[in-house]
file protein-v8.cif (mmCIF, C-alpha atoms)
data_data
loop_
_atom_site.label_atom_id
_atom_site.label_comp_id
_atom_site.auth_asym_id
_atom_site.auth_seq_id
_atom_site.Cartn_x
_atom_site.Cartn_y
_atom_site.Cartn_z
CA MET A 1 0.00 0.00 0.00
CA ASN A 2 1.23 3.50 -0.83
CA PHE A 3 0.69 6.56 1.30
CA LYS A 4 0.91 10.29 0.63
CA HIS A 5 3.03 12.90 2.39
CA ASN A 6 1.12 14.34 5.40
CA GLN A 7 -1.44 11.48 5.36
CA LYS A 8 -2.77 10.48 8.79
CA VAL A 9 -2.11 6.86 9.76
CA THR A 10 -2.27 4.43 12.66
CA CYS A 11 0.16 1.57 13.35
CA GLU A 12 2.21 -0.26 15.94
CA ILE A 13 5.93 0.40 16.33
CA ASP A 14 7.81 -2.19 18.40
CA GLY A 15 4.48 -3.20 19.96
CA THR A 16 3.48 0.36 20.90
CA LYS A 17 0.10 1.34 19.45
CA ILE A 18 0.31 4.66 17.59
CA THR A 19 -3.03 6.37 16.98
CA ASP A 20 -1.83 9.89 16.12
CA ALA A 21 0.71 9.84 13.28
CA LYS A 22 1.37 11.09 9.78
CA ILE A 23 3.52 9.94 6.87
CA SER A 24 6.40 12.19 5.85
CA ILE A 25 8.25 11.53 2.60
CA ASP A 26 11.71 13.04 2.14
CA LYS A 27 12.88 14.57 -1.15
CA ASP A 28 14.71 11.30 -1.96
CA GLY A 29 11.45 9.34 -1.55
CA THR A 30 12.24 7.78 1.85
CA PRO A 31 9.03 7.53 3.92
CA TYR A 32 8.75 8.01 7.69
CA ILE A 33 6.04 7.69 10.32
CA CYS A 34 5.96 10.92 12.34
CA GLN A 35 4.49 10.56 15.83
CA ASN A 36 5.12 11.36 19.51
CA GLU A 37 5.71 7.86 20.94
CA LYS A 38 8.85 6.16 19.50
CA ASP A 39 12.13 7.84 18.58
CA GLY A 40 13.70 6.39 15.46
CA SER A 41 15.40 8.09 12.50
CA TRP A 42 15.56 11.72 11.47
CA THR A 43 13.35 12.97 8.62
CA GLU A 44 13.46 16.31 6.81
CA ASP A 45 9.94 17.20 7.99
CA ARG A 46 8.48 15.78 11.21
CA LEU A 47 5.15 17.49 10.48
CA GLY A 48 4.95 18.93 14.00
CA TYR A 49 5.62 15.64 15.83
CA LYS A 50 8.54 14.90 18.19
CA TYR A 51 9.76 11.68 16.53
CA SER A 52 9.98 9.90 13.19
CA TRP A 53 10.44 6.25 12.27
CA GLN A 54 11.95 5.29 8.93
CA LEU A 55 10.18 2.93 6.56
CA ASN A 56 11.39 1.14 3.47
CA LYS A 57 10.37 2.68 0.12
CA ASP A 58 7.48 0.17 -0.02
CA PHE A 59 6.19 1.48 3.36
CA THR A 60 7.28 -1.60 5.31
CA ASN A 61 9.56 -2.09 8.30
CA ASP A 62 10.18 -5.19 10.45
CA ASN A 63 9.33 -3.20 13.59
CA VAL A 64 6.12 -1.68 12.19
CA THR A 65 2.83 -3.58 12.02
CA ASN A 66 -0.76 -2.69 11.12
CA LEU A 67 0.20 0.46 9.20
CA LYS A 68 -3.04 1.76 7.72
CA PRO A 69 -4.74 5.03 6.84
CA PHE A 70 -6.54 6.76 9.67
CA ASN A 71 -10.27 6.42 9.02
CA LYS A 72 -11.60 9.78 10.05
CA THR A 73 -15.19 10.12 11.28
CA LEU A 74 -17.36 13.14 11.99
CA ARG A 75 -16.00 13.24 15.55
CA ASP A 76 -12.43 13.52 14.20
CA VAL A 77 -13.00 16.65 12.13
CA GLU A 78 -10.44 19.43 12.03
CA VAL A 79 -10.65 23.05 10.96
CA GLY A 80 -10.82 23.13 7.16
CA ASP A 81 -12.58 19.78 6.75
CA ILE A 82 -15.71 19.65 4.61
CA ILE A 83 -18.86 17.92 5.84
CA VAL A 84 -21.95 17.10 3.80
CA ASN A 85 -25.51 16.15 4.54
CA LYS A 86 -25.96 12.53 3.42
CA TYR A 87 -29.54 13.32 2.39
CA ASN A 88 -28.41 16.21 0.19
CA ASN A 89 -24.72 16.02 -0.80
CA GLU A 90 -24.95 19.43 -2.40
CA ASN A 91 -25.07 21.03 1.06
CA LYS A 92 -21.36 21.34 1.86
CA ARG A 93 -20.11 23.14 4.94
CA MET A 94 -16.60 23.83 6.14
CA VAL A 95 -15.52 23.25 9.74
CA LEU A 96 -14.39 26.65 11.03
CA ASP A 97 -13.89 25.83 14.71
CA VAL A 98 -13.66 22.69 16.84
CA ARG A 99 -14.28 22.76 20.57
CA GLU A 100 -14.57 19.91 23.08
CA LYS A 101 -18.22 19.10 22.38
CA ILE A 102 -19.22 21.44 19.55
CA ILE A 103 -18.04 22.48 16.11
CA GLY A 104 -18.57 25.75 14.28
CA LEU A 105 -19.63 25.50 10.67
CA SER A 106 -19.71 27.80 7.69
CA GLY A 107 -22.84 28.50 5.69
CA TYR A 108 -23.91 26.13 2.91
CA ASP A 109 -21.31 26.34 0.12
CA ASN A 110 -20.12 29.66 1.56
CA PHE A 111 -16.96 28.79 3.46
CA GLU A 112 -16.10 32.40 4.32
CA VAL A 113 -19.19 32.99 6.50
CA PHE A 114 -19.73 31.54 9.99
CA ASN A 115 -23.19 29.99 10.41
CA TYR A 116 -23.67 28.22 13.74
CA PHE A 117 -22.21 25.97 16.44
CA TYR A 118 -23.57 22.40 16.56
CA THR A 119 -22.98 19.47 18.89
CA PHE A 120 -21.69 16.26 17.33
CA GLU A 121 -24.95 14.60 18.30
CA GLU A 122 -26.98 17.23 16.41
CA LEU A 123 -24.88 16.85 13.28
CA GLU A 124 -25.22 13.06 13.36
CA LYS A 125 -29.00 13.38 13.94
CA TYR A 126 -29.33 15.77 10.96
CA GLY A 127 -27.40 13.35 8.71
CA TYR A 128 -24.04 15.08 8.40
CA GLU A 129 -20.88 13.14 7.63
CA LEU A 130 -17.31 13.85 6.68
CA LYS A 131 -16.80 14.34 2.96
CA ASP A 132 -14.85 11.40 1.49
CA GLU A 133 -12.33 13.47 -0.42
CA PRO A 134 -11.05 16.71 1.09
CA GLU A 135 -11.20 19.83 -1.05
CA GLU A 136 -7.83 19.94 -2.78
CA LYS A 137 -6.07 23.21 -2.19
CA ILE A 138 -3.88 24.39 -5.04
CA GLU A 139 -0.88 26.35 -3.86
CA GLU A 140 0.52 28.93 -6.25
CA LEU A 141 4.32 29.26 -6.13
CA THR A 142 6.85 31.33 -8.01
CA VAL A 143 9.81 29.65 -9.70
CA GLU A 144 12.03 31.07 -6.95
CA GLN A 145 9.83 29.50 -4.25
CA VAL A 146 9.92 26.11 -6.02
CA CYS A 147 13.73 26.31 -6.29
CA LYS A 148 13.99 27.09 -2.58
CA GLU A 149 11.56 24.26 -1.71
CA LEU A 150 13.51 21.72 -3.79
CA GLY A 151 16.89 23.04 -2.73
CA ARG A 152 18.15 23.32 -6.30
CA ASP A 153 17.96 25.55 -9.37
CA ILE A 154 15.41 24.95 -12.11
CA LYS A 155 15.66 25.99 -15.75
CA ILE A 156 12.36 26.50 -17.54
CA ILE A 157 12.42 25.16 -21.10
CA LYS A 158 9.91 26.63 -23.53
#

call {"tool": "encode", "arguments": {"input": "protein-v8.cif", "output": "structure tokens"}}
result
Amino acid sequence: MNFKHNQKVTCEIDGTKITDAKISIDKDGTPYICQNEKDGSWTEDRLGYKYSWQLNKDFTNDNVTNLKPFNKTLRDVEVGDIIVNKYNNENKRMVLDVREKIIGLSGYDNFEVFNYFYTFEELEKYGYELKDEPEEKIEELTVEQVCKELGRDIKIIK
């Protein structure tokens, strides 16, 4: 199974269950599990976690078991996630705030306007669920920014 950079995962490392982790992939293609439980190898980007654990290029490691994508539910939403009403998938709302027992949502298809706070129970009762595919954000970069990001010069051929 292949994973993407910054993808949330769960696994076990040396028998320790890891429930909060993300995949980081270095520029050379080496993947790592970034998490706060087991110190392993150093990666270029720990994605905000304390530790990283190196994987083989095929996302395996003798000390890692049960590596799988984190299956997010409505109760796992984060700011920026999109939820939809399963009875009317055209009603998309963005999560603007997450508190202990409530979440703040945008208006329908208007992600710049705050609408209302709801409890998780209310959202489940009204038929809301996490959208399968997150809205893909396209980041615009200049050639100079790309060169800096890659750590090398680029020549544009026309």

call {"tool": "residues_near_point", "arguments": {"input": "protein-v8.cif", "point": "(13.0, 16.1, 4.1)", "cutoff": "8 Å", "atoms": "all atoms listed in the file", "output": "list of chain:residue names"}}
result
A:Ser24, A:Ile25, A:Asp26, A:Lys27, A:Asp28, A:Thr43, A:Glu44, A:Asp45

call {"tool": "resolve_selection", "arguments": {"input": "protein-v8.cif", "expression": "the PyMOL selection byres ((chain A and resi 35-40) around 10)", "output": "list in words"}}
result
Val9, Thr10, Glu12, Ile13, Asp14, Thr16, Lys17, Ile18, Thr19, Asp20, Ala21, Lys22, Ile23, Tyr32, Ile33, Cys34, Ser41, Trp42, Thr43, Arg46, Leu47, Gly48, Tyr49, Lys50, Tyr51, Ser52, Trp53 and Gln54 of chain A

call {"tool": "residues_around", "arguments": {"input": "protein-v8.cif", "residues": "range 115-130 of chain A", "least_positions_apart": "6", "cutoff": "7 Å", "atoms": "all atoms listed in the file", "output": "list in words"}}
result
Thr73, Leu74, Arg75, Ile82, Ile83, Val84, Asn85, Lys86, Tyr87, Lys101, Ile102, Ile103, Gly104, Leu105, Ser106 and Gly107 of chain A

call {"tool": "atom_distance", "arguments": {"input": "protein-v8.cif", "atom1": "CA of Lys148 in chain A", "atom2": "CA of Lys4 in chain A"}}
result
21.5 Å

call {"tool": "atom_distance", "arguments": {"input": "protein-v8.cif", "atom1": "CA of Asn88 in chain A", "atom2": "CA of Glu100 in chain A"}}
result
27.0 Å

call {"tool": "atom_distance", "arguments": {"input": "protein-v8.cif", "atom1": "CA of Asn6 in chain A", "atom2": "CA of Gly29 in chain A"}}
result
13.4 Å

call {"tool": "closest_residue", "arguments": {"input": "protein-v8.cif", "among": "A:Gly15, A:Asp109, A:Thr30, A:Val95", "to": "Asn63 in chain A", "atoms": "all atoms listed in the file"}}
result
A:Gly15
